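Student: Below you will find the structure I want to go over with you.
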There are 2 protein chains.
Amino acid sequence: MKEKMSYEEFLVKVKEGIVDDKGNCPVTPVMLMLQGKWKNQVLYELCVYEKVRFGQLKKDLLGITNTMLTSTLRELEADGLIVREQFNEIPPHVEYSFTQKGRDLYPLFYAMMNWGFEYSNKD
Amino acid sequence: MKEKMSYEEFLVKVKEGIVDDKGNCPVTPVMLMLQGKWKNQVLYELCVYEKVRFGQLKKDLLGITNTMLTSTLRELEADGLIVREQFNEIPPHVEYSFTQKGRDLYPLFYAMMNWGFEYSNKD
């Protein structure tokens, strides 16, 4: 793990091309991980709720099917961003919440929000 | 335009759901804008070069076709992130560079890079 680069350092180094230990761009896998029709909206829900049930997500995300919601949640789980907890109560239910790795995306959402407020409504 | 929220304020407010003037999530359109197989790599190239020619992008992005590169560039241009300049010299050529709106994505790339360095190589 490299020492954290300051934003000023980043602006200089980006001209040379910033690569990880394997010689790859460290931004590309993050962008690819976040792609998908519903992923951003599910992540948004997880920001709002501490823990959220499948049924609540289904209710909030208008137009999402069970299959789409399940596959989106599975991808987020496979990437280690969220954790799925099963409660074998009556009625049984499942809750989803961020892992630390997922919560560490917050600075990224914050940067996106700032850009969105600055530009999204303008054009 | 709202006043810029601090990161600490953001962490509190995100639980209530942060919305723009139209009642929408300000992060979603930004995420959607950045989606696409080649978009992240073209943006990376634009970070590295001050101005870059179509031919240079074609050379650097292994496996991209002219059609894919053209449509990616057109989408970035339509979103106001890059500007296309045509030089009617001999031989004629075209150069692409970031607009201010595009350059203002840098804090976002910086946040992604930090996350990428922290997590991408770990699993």
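Naming scheme: A, B, ... for chains in displayed order of the structure tokens; residues 1 onward per chain; ligands 1 onward as shown.
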Output as an MDAnalysis selection string all residues of region 4-102 of chain A that backbone DSSP marks as helix (DSSP H, G or I).

Tutor: chainID A and resid 7:13 28:33 39:48 54:60 66:78 100:102

Student: Residues as selected, N, CA and C atoms, written as a compact mmCIF listing (two decimals), in the first residue's frame, can you do that?

Tutor:
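Writing the result to result35.txt gives the following:
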```txt
# COMPACT_ATOMS: atom_id res chain seq x y z
N TYR A 7 -4.01 15.76 -2.71
CA TYR A 7 -4.70 16.13 -3.95
C TYR A 7 -3.77 16.93 -4.86
N GLU A 8 -2.91 17.74 -4.27
CA GLU A 8 -1.97 18.55 -5.04
C GLU A 8 -0.95 17.65 -5.76
N GLU A 9 -0.45 16.67 -5.03
CA GLU A 9 0.46 15.69 -5.63
C GLU A 9 -0.22 14.95 -6.78
N PHE A 10 -1.46 14.58 -6.52
CA PHE A 10 -2.25 13.87 -7.53
C PHE A 10 -2.33 14.65 -8.83
N LEU A 11 -2.61 15.96 -8.71
CA LEU A 11 -2.75 16.80 -9.91
C LEU A 11 -1.47 16.84 -10.73
N VAL A 12 -0.33 16.75 -10.05
CA VAL A 12 0.96 16.74 -10.76
C VAL A 12 1.20 15.36 -11.36
N LYS A 13 1.04 14.33 -10.52
CA LYS A 13 1.40 12.96 -10.93
C LYS A 13 0.49 12.40 -12.03
N THR A 28 -9.83 2.75 -12.92
CA THR A 28 -10.65 1.92 -13.82
C THR A 28 -11.45 0.82 -13.10
N PRO A 29 -10.81 -0.03 -12.26
CA PRO A 29 -11.61 -1.08 -11.61
C PRO A 29 -12.72 -0.52 -10.71
N VAL A 30 -12.48 0.65 -10.13
CA VAL A 30 -13.50 1.26 -9.26
C VAL A 30 -14.70 1.69 -10.11
N MET A 31 -14.42 2.33 -11.23
CA MET A 31 -15.50 2.76 -12.14
C MET A 31 -16.27 1.56 -12.65
N LEU A 32 -15.55 0.51 -13.04
CA LEU A 32 -16.22 -0.68 -13.59
C LEU A 32 -17.10 -1.34 -12.53
N MET A 33 -16.60 -1.35 -11.30
CA MET A 33 -17.34 -1.96 -10.19
C MET A 33 -18.67 -1.25 -9.95
N LYS A 39 -27.13 -0.26 -9.76
CA LYS A 39 -26.15 -0.29 -8.67
C LYS A 39 -26.09 1.02 -7.89
N ASN A 40 -26.06 2.14 -8.63
CA ASN A 40 -25.97 3.43 -7.97
C ASN A 40 -27.17 3.68 -7.06
N GLN A 41 -28.34 3.24 -7.49
CA GLN A 41 -29.55 3.48 -6.69
C GLN A 41 -29.58 2.59 -5.45
N VAL A 42 -29.09 1.37 -5.58
CA VAL A 42 -29.02 0.48 -4.40
C VAL A 42 -27.99 1.04 -3.41
N LEU A 43 -26.87 1.53 -3.91
CA LEU A 43 -25.86 2.14 -3.04
C LEU A 43 -26.43 3.36 -2.32
N TYR A 44 -27.23 4.12 -3.04
CA TYR A 44 -27.87 5.30 -2.45
C TYR A 44 -28.78 4.89 -1.29
N GLU A 45 -29.56 3.85 -1.51
CA GLU A 45 -30.45 3.32 -0.45
C GLU A 45 -29.64 2.91 0.78
N LEU A 46 -28.50 2.28 0.52
CA LEU A 46 -27.66 1.80 1.63
C LEU A 46 -27.04 2.95 2.41
N CYS A 47 -26.85 4.09 1.73
CA CYS A 47 -26.37 5.29 2.43
C CYS A 47 -27.45 5.82 3.38
N VAL A 48 -28.68 5.74 2.93
CA VAL A 48 -29.80 6.30 3.70
C VAL A 48 -30.13 5.41 4.91
N PHE A 54 -34.59 -6.55 1.95
CA PHE A 54 -34.85 -6.75 0.53
C PHE A 54 -36.18 -6.08 0.14
N GLY A 55 -37.22 -6.34 0.95
CA GLY A 55 -38.55 -5.81 0.64
C GLY A 55 -38.60 -4.29 0.60
N GLN A 56 -37.83 -3.66 1.49
CA GLN A 56 -37.78 -2.19 1.52
C GLN A 56 -37.13 -1.66 0.25
N LEU A 57 -36.04 -2.29 -0.16
CA LEU A 57 -35.36 -1.89 -1.40
C LEU A 57 -36.31 -2.03 -2.58
N LYS A 58 -36.99 -3.14 -2.63
CA LYS A 58 -37.94 -3.42 -3.70
C LYS A 58 -39.00 -2.33 -3.77
N LYS A 59 -39.45 -1.89 -2.60
CA LYS A 59 -40.51 -0.89 -2.50
C LYS A 59 -40.01 0.49 -2.96
N ASP A 60 -38.77 0.80 -2.56
CA ASP A 60 -38.21 2.13 -2.86
C ASP A 60 -37.78 2.27 -4.31
N ASN A 66 -37.44 -8.48 -8.98
CA ASN A 66 -36.73 -9.30 -7.99
C ASN A 66 -35.39 -9.79 -8.53
N THR A 67 -35.39 -10.22 -9.78
CA THR A 67 -34.16 -10.73 -10.40
C THR A 67 -33.08 -9.66 -10.48
N MET A 68 -33.46 -8.48 -10.92
CA MET A 68 -32.49 -7.39 -11.04
C MET A 68 -31.95 -6.98 -9.68
N LEU A 69 -32.85 -6.90 -8.70
CA LEU A 69 -32.42 -6.52 -7.36
C LEU A 69 -31.50 -7.58 -6.77
N THR A 70 -31.86 -8.84 -6.93
CA THR A 70 -31.03 -9.93 -6.42
C THR A 70 -29.65 -9.91 -7.06
N SER A 71 -29.59 -9.75 -8.38
CA SER A 71 -28.28 -9.81 -9.03
C SER A 71 -27.43 -8.58 -8.68
N THR A 72 -28.07 -7.43 -8.52
CA THR A 72 -27.34 -6.23 -8.10
C THR A 72 -26.75 -6.44 -6.70
N LEU A 73 -27.56 -6.95 -5.79
CA LEU A 73 -27.10 -7.19 -4.42
C LEU A 73 -25.97 -8.22 -4.40
N ARG A 74 -26.09 -9.26 -5.21
CA ARG A 74 -25.05 -10.30 -5.27
C ARG A 74 -23.72 -9.74 -5.77
N GLU A 75 -23.81 -8.85 -6.77
CA GLU A 75 -22.57 -8.24 -7.29
C GLU A 75 -21.91 -7.36 -6.22
N LEU A 76 -22.73 -6.59 -5.52
CA LEU A 76 -22.19 -5.72 -4.47
C LEU A 76 -21.58 -6.56 -3.34
N GLU A 77 -22.20 -7.69 -3.06
CA GLU A 77 -21.70 -8.61 -2.04
C GLU A 77 -20.39 -9.25 -2.50
N ALA A 78 -20.37 -9.68 -3.75
CA ALA A 78 -19.16 -10.32 -4.31
C ALA A 78 -17.98 -9.35 -4.30
N GLN A 100 -17.01 -2.13 5.79
CA GLN A 100 -16.09 -0.99 5.88
C GLN A 100 -15.62 -0.59 4.48
N LYS A 101 -15.34 -1.57 3.66
CA LYS A 101 -14.91 -1.33 2.28
C LYS A 101 -15.98 -0.54 1.51
N GLY A 102 -17.24 -0.86 1.76
CA GLY A 102 -18.33 -0.13 1.12
C GLY A 102 -18.47 1.27 1.68
```

Student: Could you work out which residues of chain B fall inside 6 Å of chain A? Count only C-alpha atoms, and format the result as a VMD selection string.

Tutor: chain B and resid 14 to 15 17 26 to 27 35 48 108 111 to 113 116

Student: Please provide the set of residues having any atom within 6 Å of Glu95 (chain A), restricted to only C-alpha atoms, with same-chain residues fewer than 2 positions apart removed, written as JSON, numbers by chain.

Tutor: {"A": [52, 53, 84, 85]}

Student: Find the distance between CA of Val94 (chain B) and CA of Leu62 (chain B) and write it in Å to one decimal.

Tutor: 19.8 Å

Student: One decimal, Å: what's the distance from CA of Ile90 (chain B) over to CA of Gly63 (chain B), could you say?

Tutor: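 Computing the Euclidean distance for CA of Ile90 (chain B) and CA of Gly63 (chain B) yields 28.0 Å.
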